[in-house]
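Report on the following structure.
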Amino acid sequence: MSKNAAGARAGSDQALTLYQALRATPADPFEAVARRLELTDTERERCRDELIALGLLDHGRITPERPAPVVVAPDIALLHLLQHERDRLENRLAETSRAHTTLETLAGPFLRAGLEPGSEVEVEIVDDPAQVRRELAELTDTVRESVHSMLTGAVRREEMALELEWDRRRVARGVRVHAMYSQRVGAVPEMVQHLAERTALGVEVRLSPVVPMNMVLADDNFALLPTDPHDPESAAILARGPGLVRSYRALYGYCWHAATPYGHEEPAEHGGDGLSEQQRAALRMLASGIKDEQVARNLGVSLRTVSRLISEVMQELDAASRFEAGVKAARLGLLDGETHKHTA
């Protein structure tokens with residue numbers, strides 16, 4: 001085959017040509033067949049990788065004593081591929097089954113057995129959004145003291161009016177209502193109006209650079225949580241009983257005190273460290289081992305913005321690396337939210 005003819009083919013066509021040549025001369029070394037087709041080094045490696053990925057070339061069995069590649073017939077390669085997919089699906093099903101069994105165990109007698117008498121917890125997994133709304137509506141009429149909620153994103157337009165109605169009924173009964181949202185909802189015009197309306201009804205609203213999950217808590221006795229904090233569409237966990245709910249109240253309290261009251265935007269803090277709250281949040285998450293991708297999701301920003309934030313943190317702390325920035329941040333108390341003046 002001429003070089004021009006080989007050059008006219010690219011990608012899969014070149015790989016097909018090489019595969020056919022290998023099948024025609026099964027005793028010839030792979031390199032010899034590739035040279036005969038006048039493939040460049042880059043083309044040769046690309047074709048080899050493609051054939052191996054398709055299961056048409058068993059490159060792992062090529063040895064100095066056996067330089068000829070093991071060429072696999074298409075039907076055999078297809079069977080191997082199907083077997084691989086079946087094994088992968090079986091493994092995935094097994095993992096899902098184990099996770100389901102663990103969840104059932106956690107939500108059943110095992111969880112209740114670890115609680116003190118009188119503090120039994122009831123846990124239910126709900127994947128029907130309509131049932132979740134019914135539970136929240138019922139909660140509106142039964143809650144006695146407080147409702148605390150946090151939301152990672154914006155409220156759906158069709159749910160805004162319902163949420164305001166719940167607020168009216170709760171506040172009218174003397175229930176204290178706290179609502180926390182991610183700071184990024186402040187850029188959504190509909191949400192700006194919605195938060196203003198909730199505030200006018202007497203709801204205490206705060207914005208935070210980091211909202212770990214969607215959550216609704218009530219009276220230390222009710223919790224609505226996601227089964228997967230990273231997937232807002234995942235099934236919900238309905239938990240009743242103070243033994244579990246109080247631990248989430250502690251988490252909520254920490255996030256609440258670090259958040260900013262709605263309508264009272266604070267300028268970036270420069271009290272000796274010059275770091276904004278967003279920069280501090282990114283620094284704390286990275287120091288705890290969270291990957292950049294998860295930091296971006298938690299902050300509601302792009303990976304590029306996370307890189308810029310870390311660069312600004314390193315510059316502010318006069319650090320040459322992330323590790324050095326973490327060491328300095330820990331010494332200054334920035335990782336626990338307390339800024340200590342550093343003295344020589």
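Each chain in the structure tokens gets a letter, A, B and so on, in the order shown; residues start at 1 in every chain, and ligands are counted from 1 in the order they appear.
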
Next on the checklist: What's around Leu22 of chain A at 9 Å? Count only C-alpha atoms, leave out sequence neighbours fewer than 3 positions away in its own chain, and write the answer as a ChimeraX atom specification.
Outcome noted: /A:17-19,25-30,33-34,68-69,71

With N, CA, C and O atoms kept, could you save the residues just selected as a PDB file, in the first residue's frame?
ATOM      1  N   THR A  17      -7.347  -0.896   8.374  1.00  0.00           N
ATOM      2  CA  THR A  17      -6.361  -1.344   7.386  1.00  0.00           C
ATOM      3  C   THR A  17      -5.263  -2.154   8.063  1.00  0.00           C
ATOM      4  O   THR A  17      -4.847  -3.209   7.559  1.00  0.00           O
ATOM      5  N   LEU A  18      -4.779  -1.679   9.188  1.00  0.00           N
ATOM      6  CA  LEU A  18      -3.735  -2.394   9.921  1.00  0.00           C
ATOM      7  C   LEU A  18      -4.249  -3.744  10.412  1.00  0.00           C
ATOM      8  O   LEU A  18      -3.548  -4.759  10.324  1.00  0.00           O
ATOM      9  N   TYR A  19      -5.482  -3.771  10.913  1.00  0.00           N
ATOM     10  CA  TYR A  19      -6.058  -5.013  11.413  1.00  0.00           C
ATOM     11  C   TYR A  19      -6.168  -6.048  10.303  1.00  0.00           C
ATOM     12  O   TYR A  19      -5.840  -7.229  10.494  1.00  0.00           O
ATOM     13  N   THR A  25      -1.380 -11.621   7.495  1.00  0.00           N
ATOM     14  CA  THR A  25      -0.026 -12.155   7.752  1.00  0.00           C
ATOM     15  C   THR A  25       0.155 -12.333   9.244  1.00  0.00           C
ATOM     16  O   THR A  25       0.890 -11.569   9.887  1.00  0.00           O
ATOM     17  N   PRO A  26      -0.485 -13.320   9.850  1.00  0.00           N
ATOM     18  CA  PRO A  26      -0.479 -13.463  11.311  1.00  0.00           C
ATOM     19  C   PRO A  26       0.886 -13.753  11.907  1.00  0.00           C
ATOM     20  O   PRO A  26       1.089 -13.527  13.101  1.00  0.00           O
ATOM     21  N   ALA A  27       1.835 -14.217  11.118  1.00  0.00           N
ATOM     22  CA  ALA A  27       3.157 -14.537  11.666  1.00  0.00           C
ATOM     23  C   ALA A  27       4.079 -13.333  11.691  1.00  0.00           C
ATOM     24  O   ALA A  27       5.150 -13.382  12.306  1.00  0.00           O
ATOM     25  N   ASP A  28       3.726 -12.250  11.039  1.00  0.00           N
ATOM     26  CA  ASP A  28       4.597 -11.072  10.973  1.00  0.00           C
ATOM     27  C   ASP A  28       4.484 -10.239  12.243  1.00  0.00           C
ATOM     28  O   ASP A  28       3.382 -10.074  12.787  1.00  0.00           O
ATOM     29  N   PRO A  29       5.640  -9.695  12.713  1.00  0.00           N
ATOM     30  CA  PRO A  29       5.610  -8.819  13.887  1.00  0.00           C
ATOM     31  C   PRO A  29       4.765  -7.574  13.618  1.00  0.00           C
ATOM     32  O   PRO A  29       4.666  -7.108  12.485  1.00  0.00           O
ATOM     33  N   PHE A  30       4.189  -7.059  14.682  1.00  0.00           N
ATOM     34  CA  PHE A  30       3.343  -5.866  14.563  1.00  0.00           C
ATOM     35  C   PHE A  30       4.113  -4.710  13.935  1.00  0.00           C
ATOM     36  O   PHE A  30       3.599  -4.009  13.047  1.00  0.00           O
ATOM     37  N   VAL A  33       4.534  -5.050  10.154  1.00  0.00           N
ATOM     38  CA  VAL A  33       3.316  -4.775   9.398  1.00  0.00           C
ATOM     39  C   VAL A  33       3.049  -3.274   9.351  1.00  0.00           C
ATOM     40  O   VAL A  33       2.678  -2.720   8.311  1.00  0.00           O
ATOM     41  N   ALA A  34       3.277  -2.593  10.468  1.00  0.00           N
ATOM     42  CA  ALA A  34       3.056  -1.145  10.500  1.00  0.00           C
ATOM     43  C   ALA A  34       4.021  -0.424   9.570  1.00  0.00           C
ATOM     44  O   ALA A  34       3.638   0.535   8.878  1.00  0.00           O
ATOM     45  N   ALA A  68       4.971 -11.672  17.189  1.00  0.00           N
ATOM     46  CA  ALA A  68       3.737 -11.501  16.424  1.00  0.00           C
ATOM     47  C   ALA A  68       2.578 -11.221  17.365  1.00  0.00           C
ATOM     48  O   ALA A  68       2.431 -11.888  18.389  1.00  0.00           O
ATOM     49  N   PRO A  69       1.742 -10.218  17.080  1.00  0.00           N
ATOM     50  CA  PRO A  69       0.587  -9.928  17.940  1.00  0.00           C
ATOM     51  C   PRO A  69      -0.465 -11.018  17.817  1.00  0.00           C
ATOM     52  O   PRO A  69      -0.544 -11.707  16.803  1.00  0.00           O
ATOM     53  N   VAL A  71      -3.913 -11.650  17.062  1.00  0.00           N
ATOM     54  CA  VAL A  71      -5.041 -10.990  16.431  1.00  0.00           C
ATOM     55  C   VAL A  71      -6.309 -11.767  16.780  1.00  0.00           C
ATOM     56  O   VAL A  71      -6.374 -12.984  16.594  1.00  0.00           O
TER      57      VAL A  71
END

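The shell of residues at most 8 Å from Val185 of chain A, with only C-alpha atoms counted and near chain neighbours (fewer than 6 positions) removed, consists of Gly153, Ala154, Met191 and Val192 of chain A.
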
Mind dumping the selected residues with N, CA and C atoms as a PDB file, in the first residue's frame?
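Printed below is out_24.pdb as written:
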ATOM      1  N   GLY A 153     -29.532  25.277  46.134  1.00  0.00           N
ATOM      2  CA  GLY A 153     -29.822  26.018  44.911  1.00  0.00           C
ATOM      3  C   GLY A 153     -31.078  26.850  45.042  1.00  0.00           C
ATOM      4  N   ALA A 154     -31.635  27.229  43.894  1.00  0.00           N
ATOM      5  CA  ALA A 154     -32.834  28.071  43.889  1.00  0.00           C
ATOM      6  C   ALA A 154     -34.086  27.220  44.079  1.00  0.00           C
ATOM      7  N   MET A 191     -35.288  34.703  42.734  1.00  0.00           N
ATOM      8  CA  MET A 191     -34.948  34.323  44.100  1.00  0.00           C
ATOM      9  C   MET A 191     -34.766  35.547  44.990  1.00  0.00           C
ATOM     10  N   VAL A 192     -34.223  36.631  44.419  1.00  0.00           N
ATOM     11  CA  VAL A 192     -34.075  37.857  45.192  1.00  0.00           C
ATOM     12  C   VAL A 192     -35.444  38.320  45.704  1.00  0.00           C
TER      13      VAL A 192
END

Checklist entry - Between A:Met160, A:Leu195, A:Ile52, A:Ala239, which has the minimum distance to Phe222 of chain A (counting only C-alpha atoms)? => result A:Ala239
